[in-house]
Amino acid sequence: MSSAPTASLLVLLTLAVVLAVSAVAKMRDPLAVEDALVSLRVPSFVPRGLVGRGLPWAEGALALLLLASPSAALVVVAALVTLLMAVYTWLIARALTFEDPVECACFGTLASHVVDRVTLARNVLLLGLSGVAVAIGVAGGSVWAAATDLGGVDWWTLLAALAAVTVAAMIVRHSDGGAAPAGEPELDYERTPIPYGVLTMPDGTSSTLVELAATQARLLVVLKEHCGACVRTAEKLDSWAEQLAPAVGLIAVHGEPGLDLPHSAELTMIEPQHNVRRIFSVGAPGAVLLGADGLMAGGPVAGAGDVERFVAEILEELGEAPV
């Protein structure tokens with residue numbers, strides 16, 4: 001029996017919905033979870049592939065068990081949820097101490113964003129609700145017990161709360177408004193002069209972007225350390241460089257020397273003061289194509305998937321170009 005059935009039901013339903021949404025989002029893109037583990041600097045002994053595939057199922061199972069468990073079992077389930085939320089909260093709090101911004105995939109690609117204090121506050125709140133769920137189980141409560149204790153006014157309160165959450169979710173879902181309408185034709189790429197920027201070789205010699213592209217078109221791939229998507233992209237650079245040569249030279253743009261990324265050292269150039277990513281307003285991983293005629297030839301694009309598609313488009317164009 002519960003002395004506050006509406007509150008108990010809302011707490012358990014909230015946690016179950018959050019876990020279920022998180023599980024579905026992670027299942028849609030397990031690589032985003034693996035990338036987040038790299039970005040959050042989870043120790044390398046943690047099997048990232050296994051966690052990326054198994055974590056969504058664990059979250060989904062906990063969501064179902066929160067709804068179906070009687071009070072005795074609810075204590076154990078809620079304790080596991082509390083432990084999971086505590087780990088998430090610790091990872092986010094630790095990420096806030098890193099020098100570089102960290103992207104999180106707590107809800108897969110559904111809400112992937114840069115970790116900030118709001119992210120930490122959200123996780124602390126979920127951790128608190130998980131603790132309340134443990135207390136509900138200890139007091140003999142459960143979803144079924146709370147539902148059977150609801151009176152007429154309680155049902156109206158619950159329905160009103162669910163309606164408010166639904167409306168808020170619909171507003172958030174449609175708040176981006178900036179996406180182009182489906183079916184709208186793409187505009188032709190406007191070729192503009194290559195802007196001024198500088199890259200430095202590991203030996204200390206520097207060249208402007210225009211000078212680098214004077215004899216050969218150049219594909220600049222912007223990377224950074226402790227970025228899961230960058231690591232996945234860097235692993236493909238040697239193969240891409242071989243396929244693009246000799247028409248296009250590939251350059252791996254690092255923000256600072258000494259970064260440990262899985263590609264050939266010969267591809268590396270350093271961007272002083274992150275000038276390349278600032279000029280093109282591109283994050284990591286990102287890419288731009290400089291034409292040998294002094295004009296921009298493509299990009300910028302950002303994200304591992306978009307960079308890979310961008311390279312595929314370039315290779316397709318090269319295949320159709322006359323020798």
# chains A, B, ... in the order shown; residues from 1 in each chain; ligands from 1

$ select_by_dssp --residues "stretch 38-118 of chain A" --states "strand (DSSP E)" --output "ChimeraX atom specification"
/A:103-104,106-109,113-114

$ residues_around --residues "A:Pro246" --least-positions-apart "4" --cutoff "9 Å" --atoms "only C-alpha atoms" --output "PDB file with all heavy atoms, in the first residue's frame"
ATOM      1  N   GLN A 216      47.794  20.600 -55.898  1.00  0.00           N
ATOM      2  CA  GLN A 216      46.962  19.405 -55.737  1.00  0.00           C
ATOM      3  C   GLN A 216      45.752  19.748 -54.886  1.00  0.00           C
ATOM      4  O   GLN A 216      45.867  20.458 -53.885  1.00  0.00           O
ATOM      5  CB  GLN A 216      47.776  18.294 -55.052  1.00  0.00           C
ATOM      6  CG  GLN A 216      47.066  16.966 -54.891  1.00  0.00           C
ATOM      7  CD  GLN A 216      47.882  15.979 -54.074  1.00  0.00           C
ATOM      8  OE1 GLN A 216      48.577  16.366 -53.128  1.00  0.00           O
ATOM      9  NE2 GLN A 216      47.823  14.705 -54.433  1.00  0.00           N
ATOM     10  N   ALA A 241      43.335   8.019 -48.182  1.00  0.00           N
ATOM     11  CA  ALA A 241      44.453   8.714 -48.812  1.00  0.00           C
ATOM     12  C   ALA A 241      44.948   7.941 -50.030  1.00  0.00           C
ATOM     13  O   ALA A 241      45.265   8.523 -51.077  1.00  0.00           O
ATOM     14  CB  ALA A 241      45.578   8.921 -47.808  1.00  0.00           C
ATOM     15  N   GLU A 242      45.013   6.626 -49.901  1.00  0.00           N
ATOM     16  CA  GLU A 242      45.476   5.793 -51.005  1.00  0.00           C
ATOM     17  C   GLU A 242      44.485   5.841 -52.171  1.00  0.00           C
ATOM     18  O   GLU A 242      44.887   5.903 -53.341  1.00  0.00           O
ATOM     19  CB  GLU A 242      45.656   4.359 -50.508  1.00  0.00           C
ATOM     20  CG  GLU A 242      46.209   3.415 -51.560  1.00  0.00           C
ATOM     21  CD  GLU A 242      46.421   2.008 -51.018  1.00  0.00           C
ATOM     22  OE1 GLU A 242      46.348   1.835 -49.776  1.00  0.00           O
ATOM     23  OE2 GLU A 242      46.661   1.099 -51.828  1.00  0.00           O
TER      24      GLU A 242
END

$ residues_around --residues "stretch 92-97 of chain A" --least-positions-apart "3" --cutoff "8 Å" --atoms "only C-alpha atoms" --output "ChimeraX atom specification"
/A:40,88-89,101-102,115-117,119-120

$ closest_residue --among "A:Leu250, A:Val143, A:Val118, A:Val38" --to "A:Glu225" --atoms "only C-alpha atoms"
A:Val38

$ atom_distance --atom1 "atom CA of A:Leu267" --atom2 "atom CA of A:Ala252"
5.4 Å

$ closest_residue --among "A:Val210, A:Ala135, A:Ala25, A:Val248" --to "A:Glu59" --atoms "only C-alpha atoms"
A:Ala25

$ closest_residue --among "A:Ala284, A:Ala302, A:Ile270, A:Ala20" --to "A:His226" --atoms "only C-alpha atoms"
A:Ala284

$ residues_around --residues "A:Thr233" --least-positions-apart "5" --cutoff "8 Å" --atoms "only C-alpha atoms" --output "short mmCIF file (atom, residue, chain, number, x, y, z; two decimals) with C-alpha atoms, in the first residue's frame"
data_model
loop_
_atom_site.label_atom_id
_atom_site.label_comp_id
_atom_site.auth_asym_id
_atom_site.auth_seq_id
_atom_site.Cartn_x
_atom_site.Cartn_y
_atom_site.Cartn_z
CA PRO A 285 35.42 15.05 -37.09
CA ALA A 304 31.75 10.66 -38.87
CA VAL A 307 32.63 12.77 -43.57
CA GLU A 308 32.50 9.20 -44.85
#

$ residues_around --residues "A:Pro193" --least-positions-apart "2" --cutoff "7 Å" --atoms "only C-alpha atoms" --output "ChimeraX atom specification"
/A:191,195,294-296

$ write_last_selection --atoms "N, CA and C atoms" --output "PDB file, in the first residue's frame"
ATOM      1  N   ARG A 191      31.076  28.032 -55.225  1.00  0.00           N
ATOM      2  CA  ARG A 191      32.522  27.960 -55.070  1.00  0.00           C
ATOM      3  C   ARG A 191      33.068  29.346 -54.742  1.00  0.00           C
ATOM      4  N   PRO A 195      39.725  30.526 -48.101  1.00  0.00           N
ATOM      5  CA  PRO A 195      40.069  31.571 -47.121  1.00  0.00           C
ATOM      6  C   PRO A 195      41.489  31.405 -46.604  1.00  0.00           C
ATOM      7  N   GLY A 294      42.268  27.217 -56.470  1.00  0.00           N
ATOM      8  CA  GLY A 294      42.180  28.302 -55.509  1.00  0.00           C
ATOM      9  C   GLY A 294      40.795  28.535 -54.966  1.00  0.00           C
ATOM     10  N   LEU A 295      39.841  27.680 -55.307  1.00  0.00           N
ATOM     11  CA  LEU A 295      38.463  27.815 -54.858  1.00  0.00           C
ATOM     12  C   LEU A 295      38.072  26.619 -53.997  1.00  0.00           C
ATOM     13  N   MET A 296      37.104  26.856 -53.105  1.00  0.00           N
ATOM     14  CA  MET A 296      36.547  25.757 -52.322  1.00  0.00           C
ATOM     15  C   MET A 296      35.854  24.780 -53.252  1.00  0.00           C
TER      16      MET A 296
END

$ residues_around --residues "stretch 313-319 of chain A" --least-positions-apart "3" --cutoff "7 Å" --atoms "only C-alpha atoms" --output "list in words"
Leu244, Arg309 and Phe310 of chain A

$ closest_residue --among "A:Ser22, A:Thr14, A:Ser207, A:Ser69" --to "A:Leu127" --atoms "only C-alpha atoms"
A:Thr14

$ closest_residue --among "A:Pro30, A:Gly137, A:Gly54, A:Gly49" --to "A:Val11" --atoms "only C-alpha atoms"
A:Gly137

$ atom_distance --atom1 "atom CA of A:Ile194" --atom2 "atom CA of A:Leu209"
7.1 Å
